[in-house]
Amino acid sequence: MEQWIAWFYEVLNAALQLYFRQECAVSSVYEIAVPEGNGLEEVCGRGLTFDEQAVVMLALMPHLCPQALDIFFVNNKNFDRPYTEFGGWKGMSHGGFLPTGETAAFILGGEDTGKRLEVMRMFGKEHWFWRENVLRLEGQGRGEPFLSGQLRVSEEVLSRILYRKEYKPDCTMEFPAKRVTTVLEWGDMVVDYRVALALEEINTWINGQRTIMQEWGLERFLKAGYRALFYGPPGTGKTLAATLLGKRNDMDVYRVDLSMIVSKYIGETEKNLAQVFDMAENRRWILFFDEADALFGKRTSTTTSNDRHANQEVAFLLQRIEDFPGTVILATNLKSNLDEAFLRRFQAMVYFPMPDEESRKLLWQKMLPATWLQEDRDTLLGCAVKAELSGGSIANVIRSCALQLLATHTDKLSKEMLDYALKKELAKEGNIG
Ligand SMILES: Nc1ncnc2c1ncn2[C@@H]1O[C@H](COP(=O)(O)OP(=O)(O)OP(=O)(O)O)[C@@H](O)[C@H]1O
Ligand SMILES: [Mg+2]
């Protein structure tokens, strides 16, 4: 980065000297040679023009070298106030000069109105700065000039510079999504052939969407993205399947808990969710909305203002889900209440059934450590598979068995231990059902 900072200093000084008609080694900032090497290219993921490089560096300066911009604090003697043409805003805790779009226009064009318009276009929604969430102008007052917006580089770009790695945000109130991962592999999943087919189709879409939409020109007719609804009883592998789809395709999966979002009114929800969608789009994430029933049947009568807000959130979410150009998976336990209009938005509805005896056998065989079993292996397994449990419940039983083994300092599983654990788990299910 050093050479880029040095280059930016040169550009900045030249811009000021030229503006104030002082002696200057160049007659235009464009004569200043851009550094060799592709530092900025790596950070932005593509090649940049001179103007783009200057704007990215300007946005980075407060982070990398804040004093560099202090020169803009100079007062305009004629009016005894700061130079309007330098732009700039003052932060809450940062004492230095924070650039605005105006600052960028000044450095690149001075008084040149044509250049100013070019710079404005650089901050428009069509430019990749915006589309790829590199940097943006934010916080213009209502009715105030567009370029008075604060020039802000995104956290993603900062993270790429600071940590030399992709930005993986944490789940917070501002960012209501959490990355989910699994150590399991695709082959560890036990699903019936219908679920397997549906998952393969989603997988094919992820790999082939470019061919379908661009090469075959179908983007004119088909809506971008793929929306799937996973439904079925608890513990049947819905979350696991979504997570593995990501793992298999080297994509991050971010989970949004909808019950958390829709149930209570938080003024900022919509903005925060918008951020999740924006990031997901740029980063090629799979979005996984859990507890999606919070979305259904909510669009009914509104009595309190709370309901009204919840309804607005739901409407917003549905729209964003429908427009999302990537892969979205919604999961729920129940399928009731799903109205037609809602279902039409999905490319796939995948029912995750309770595993049948054969599937349960596979699950037990995969999960039970071989070292636990002795001669009565088949009796134990036979007894275990009879219990009508989901994959998630089987995992619970095995956990309980493990605890019993530890507590009794044994390393072989007895039928009593297994029976006890099974009974406990079945009782749980009974209570719910
Ligand atoms: N079909 C399956 N194949 C392999 N393991 C499974 C399967 N179903 C469940 N499991 C095991 O149970 C755990 C819990 O499953 P998961 O969280 O995917 O269930 P879910 O359907 O999302 O449940 P919920 O509706 O409660 O969210 C998994 O992490 C996995 O260890
Ligand atoms: Mg789940």
# chains A, B, ... in the order shown; residues from 1 in each chain; ligands from 1
call {"tool": "residues_near_ligand", "arguments": {"ligand": "ligand 2", "cutoff": "9 Å", "atoms": "only C-alpha atoms and all ligand atoms", "output": "list in words"}}
result
Pro234, Gly235, Thr236, Gly237, Lys238, Thr239, Leu240, Asp290, Glu291, Ala331, Thr332 and Asn333 of chain A
call {"tool": "residues_near_ligand", "arguments": {"ligand": "ligand 1", "cutoff": "10 Å", "atoms": "only C-alpha atoms and all ligand atoms", "output": "PyMOL selection string"}}
result
chain A and resi 181-192+195+230-244+290-291+331-334+352-355+359-360+362-364+366-367+389-396
call {"tool": "select_by_dssp", "arguments": {"residues": "range 33-69 of chain A", "states": "alpha helix (DSSP H)", "output": "list of chain:residue names"}}
result
A:Gly39, A:Leu40, A:Glu41, A:Glu42, A:Val43, A:Cys44, A:Phe50, A:Asp51, A:Glu52, A:Gln53, A:Ala54, A:Val55, A:Val56, A:Met57, A:Leu58, A:Ala59, A:Leu60, A:Met61, A:Pro62, A:His63, A:Leu64
call {"tool": "closest_residue", "arguments": {"among": "A:Arg283, A:Arg160, A:Arg345, A:Lys223", "to": "Glu41 in chain A", "atoms": "only C-alpha atoms"}}
result
A:Arg160
call {"tool": "atom_distance", "arguments": {"atom1": "CA of Thr100 in chain A", "atom2": "CA of Gln140 in chain A"}}
result
9.7 Å
call {"tool": "decode", "arguments": {"residues": "range 135-159 of chain A", "atoms": "N, CA, C and O atoms", "output": "mmCIF file, in the first residue's frame"}}
result
data_model
loop_
_atom_site.group_PDB
_atom_site.id
_atom_site.type_symbol
_atom_site.label_atom_id
_atom_site.label_comp_id
_atom_site.auth_asym_id
_atom_site.auth_seq_id
_atom_site.Cartn_x
_atom_site.Cartn_y
_atom_site.Cartn_z
ATOM 1 N N LEU A 135 -17.426 1.162 -2.489
ATOM 2 C CA LEU A 135 -17.566 2.402 -1.723
ATOM 3 C C LEU A 135 -18.830 3.129 -2.167
ATOM 4 O O LEU A 135 -19.358 2.862 -3.244
ATOM 5 N N ARG A 136 -19.291 4.003 -1.310
ATOM 6 C CA ARG A 136 -20.532 4.718 -1.597
ATOM 7 C C ARG A 136 -20.512 6.119 -1.022
ATOM 8 O O ARG A 136 -19.741 6.400 -0.114
ATOM 9 N N LEU A 137 -21.386 6.949 -1.568
ATOM 10 C CA LEU A 137 -21.638 8.249 -0.943
ATOM 11 C C LEU A 137 -22.875 8.088 -0.074
ATOM 12 O O LEU A 137 -23.895 7.585 -0.535
ATOM 13 N N GLU A 138 -22.769 8.503 1.163
ATOM 14 C CA GLU A 138 -23.898 8.291 2.072
ATOM 15 C C GLU A 138 -24.206 9.550 2.854
ATOM 16 O O GLU A 138 -23.340 10.371 3.086
ATOM 17 N N GLY A 139 -25.428 9.599 3.305
ATOM 18 C CA GLY A 139 -25.816 10.581 4.316
ATOM 19 C C GLY A 139 -25.990 12.007 3.824
ATOM 20 O O GLY A 139 -25.883 12.941 4.608
ATOM 21 N N GLN A 140 -26.271 12.193 2.514
ATOM 22 C CA GLN A 140 -26.576 13.555 2.049
ATOM 23 C C GLN A 140 -27.843 14.029 2.743
ATOM 24 O O GLN A 140 -28.776 13.251 2.924
ATOM 25 N N GLY A 141 -27.844 15.294 3.094
ATOM 26 C CA GLY A 141 -29.072 15.864 3.647
ATOM 27 C C GLY A 141 -30.116 15.938 2.550
ATOM 28 O O GLY A 141 -29.776 15.973 1.367
ATOM 29 N N ARG A 142 -31.381 15.943 2.939
ATOM 30 C CA ARG A 142 -32.448 15.975 1.953
ATOM 31 C C ARG A 142 -32.351 17.234 1.101
ATOM 32 O O ARG A 142 -32.245 18.333 1.636
ATOM 33 N N GLY A 143 -32.351 17.061 -0.215
ATOM 34 C CA GLY A 143 -32.300 18.213 -1.102
ATOM 35 C C GLY A 143 -30.918 18.812 -1.254
ATOM 36 O O GLY A 143 -30.742 19.799 -1.964
ATOM 37 N N GLU A 144 -29.935 18.260 -0.576
ATOM 38 C CA GLU A 144 -28.583 18.806 -0.691
ATOM 39 C C GLU A 144 -27.838 18.115 -1.826
ATOM 40 O O GLU A 144 -28.225 17.036 -2.256
ATOM 41 N N PRO A 145 -26.759 18.732 -2.301
ATOM 42 C CA PRO A 145 -26.072 18.159 -3.471
ATOM 43 C C PRO A 145 -25.605 16.729 -3.224
ATOM 44 O O PRO A 145 -25.161 16.387 -2.128
ATOM 45 N N PHE A 146 -25.725 15.932 -4.284
ATOM 46 C CA PHE A 146 -25.341 14.530 -4.234
ATOM 47 C C PHE A 146 -23.900 14.355 -3.760
ATOM 48 O O PHE A 146 -23.601 13.505 -2.931
ATOM 49 N N LEU A 147 -23.012 15.206 -4.255
ATOM 50 C CA LEU A 147 -21.590 15.036 -3.920
ATOM 51 C C LEU A 147 -21.265 15.429 -2.479
ATOM 52 O O LEU A 147 -20.154 15.229 -2.019
ATOM 53 N N SER A 148 -22.239 15.977 -1.750
ATOM 54 C CA SER A 148 -21.959 16.314 -0.351
ATOM 55 C C SER A 148 -22.027 15.062 0.522
ATOM 56 O O SER A 148 -21.759 15.101 1.715
ATOM 57 N N GLY A 149 -22.374 13.908 -0.070
ATOM 58 C CA GLY A 149 -22.423 12.660 0.682
ATOM 59 C C GLY A 149 -21.043 12.215 1.146
ATOM 60 O O GLY A 149 -20.032 12.500 0.490
ATOM 61 N N GLN A 150 -21.026 11.528 2.270
ATOM 62 C CA GLN A 150 -19.763 11.052 2.831
ATOM 63 C C GLN A 150 -19.209 9.905 1.985
ATOM 64 O O GLN A 150 -19.930 8.977 1.657
ATOM 65 N N LEU A 151 -17.946 10.005 1.683
ATOM 66 C CA LEU A 151 -17.304 8.970 0.880
ATOM 67 C C LEU A 151 -16.885 7.830 1.807
ATOM 68 O O LEU A 151 -15.969 7.980 2.615
ATOM 69 N N ARG A 152 -17.588 6.722 1.695
ATOM 70 C CA ARG A 152 -17.325 5.626 2.623
ATOM 71 C C ARG A 152 -16.916 4.366 1.896
ATOM 72 O O ARG A 152 -17.621 3.892 1.015
ATOM 73 N N VAL A 153 -15.804 3.816 2.326
ATOM 74 C CA VAL A 153 -15.370 2.551 1.758
ATOM 75 C C VAL A 153 -16.039 1.443 2.578
ATOM 76 O O VAL A 153 -16.276 1.603 3.772
ATOM 77 N N SER A 154 -16.413 0.350 1.937
ATOM 78 C CA SER A 154 -17.169 -0.681 2.646
ATOM 79 C C SER A 154 -16.272 -1.477 3.595
ATOM 80 O O SER A 154 -15.051 -1.527 3.443
ATOM 81 N N GLU A 155 -16.911 -2.117 4.558
ATOM 82 C CA GLU A 155 -16.163 -2.940 5.511
ATOM 83 C C GLU A 155 -15.482 -4.099 4.814
ATOM 84 O O GLU A 155 -14.433 -4.570 5.232
ATOM 85 N N GLU A 156 -16.120 -4.554 3.738
ATOM 86 C CA GLU A 156 -15.529 -5.670 3.004
ATOM 87 C C GLU A 156 -14.168 -5.309 2.451
ATOM 88 O O GLU A 156 -13.215 -6.070 2.565
ATOM 89 N N VAL A 157 -14.108 -4.133 1.830
ATOM 90 C CA VAL A 157 -12.852 -3.709 1.221
ATOM 91 C C VAL A 157 -11.812 -3.478 2.313
ATOM 92 O O VAL A 157 -10.668 -3.910 2.206
ATOM 93 N N LEU A 158 -12.235 -2.838 3.399
ATOM 94 C CA LEU A 158 -11.305 -2.597 4.502
ATOM 95 C C LEU A 158 -10.751 -3.906 5.026
ATOM 96 O O LEU A 158 -9.567 -4.036 5.285
ATOM 97 N N SER A 159 -11.648 -4.873 5.163
ATOM 98 C CA SER A 159 -11.214 -6.153 5.722
ATOM 99 C C SER A 159 -10.214 -6.836 4.798
ATOM 100 O O SER A 159 -9.264 -7.471 5.236
#
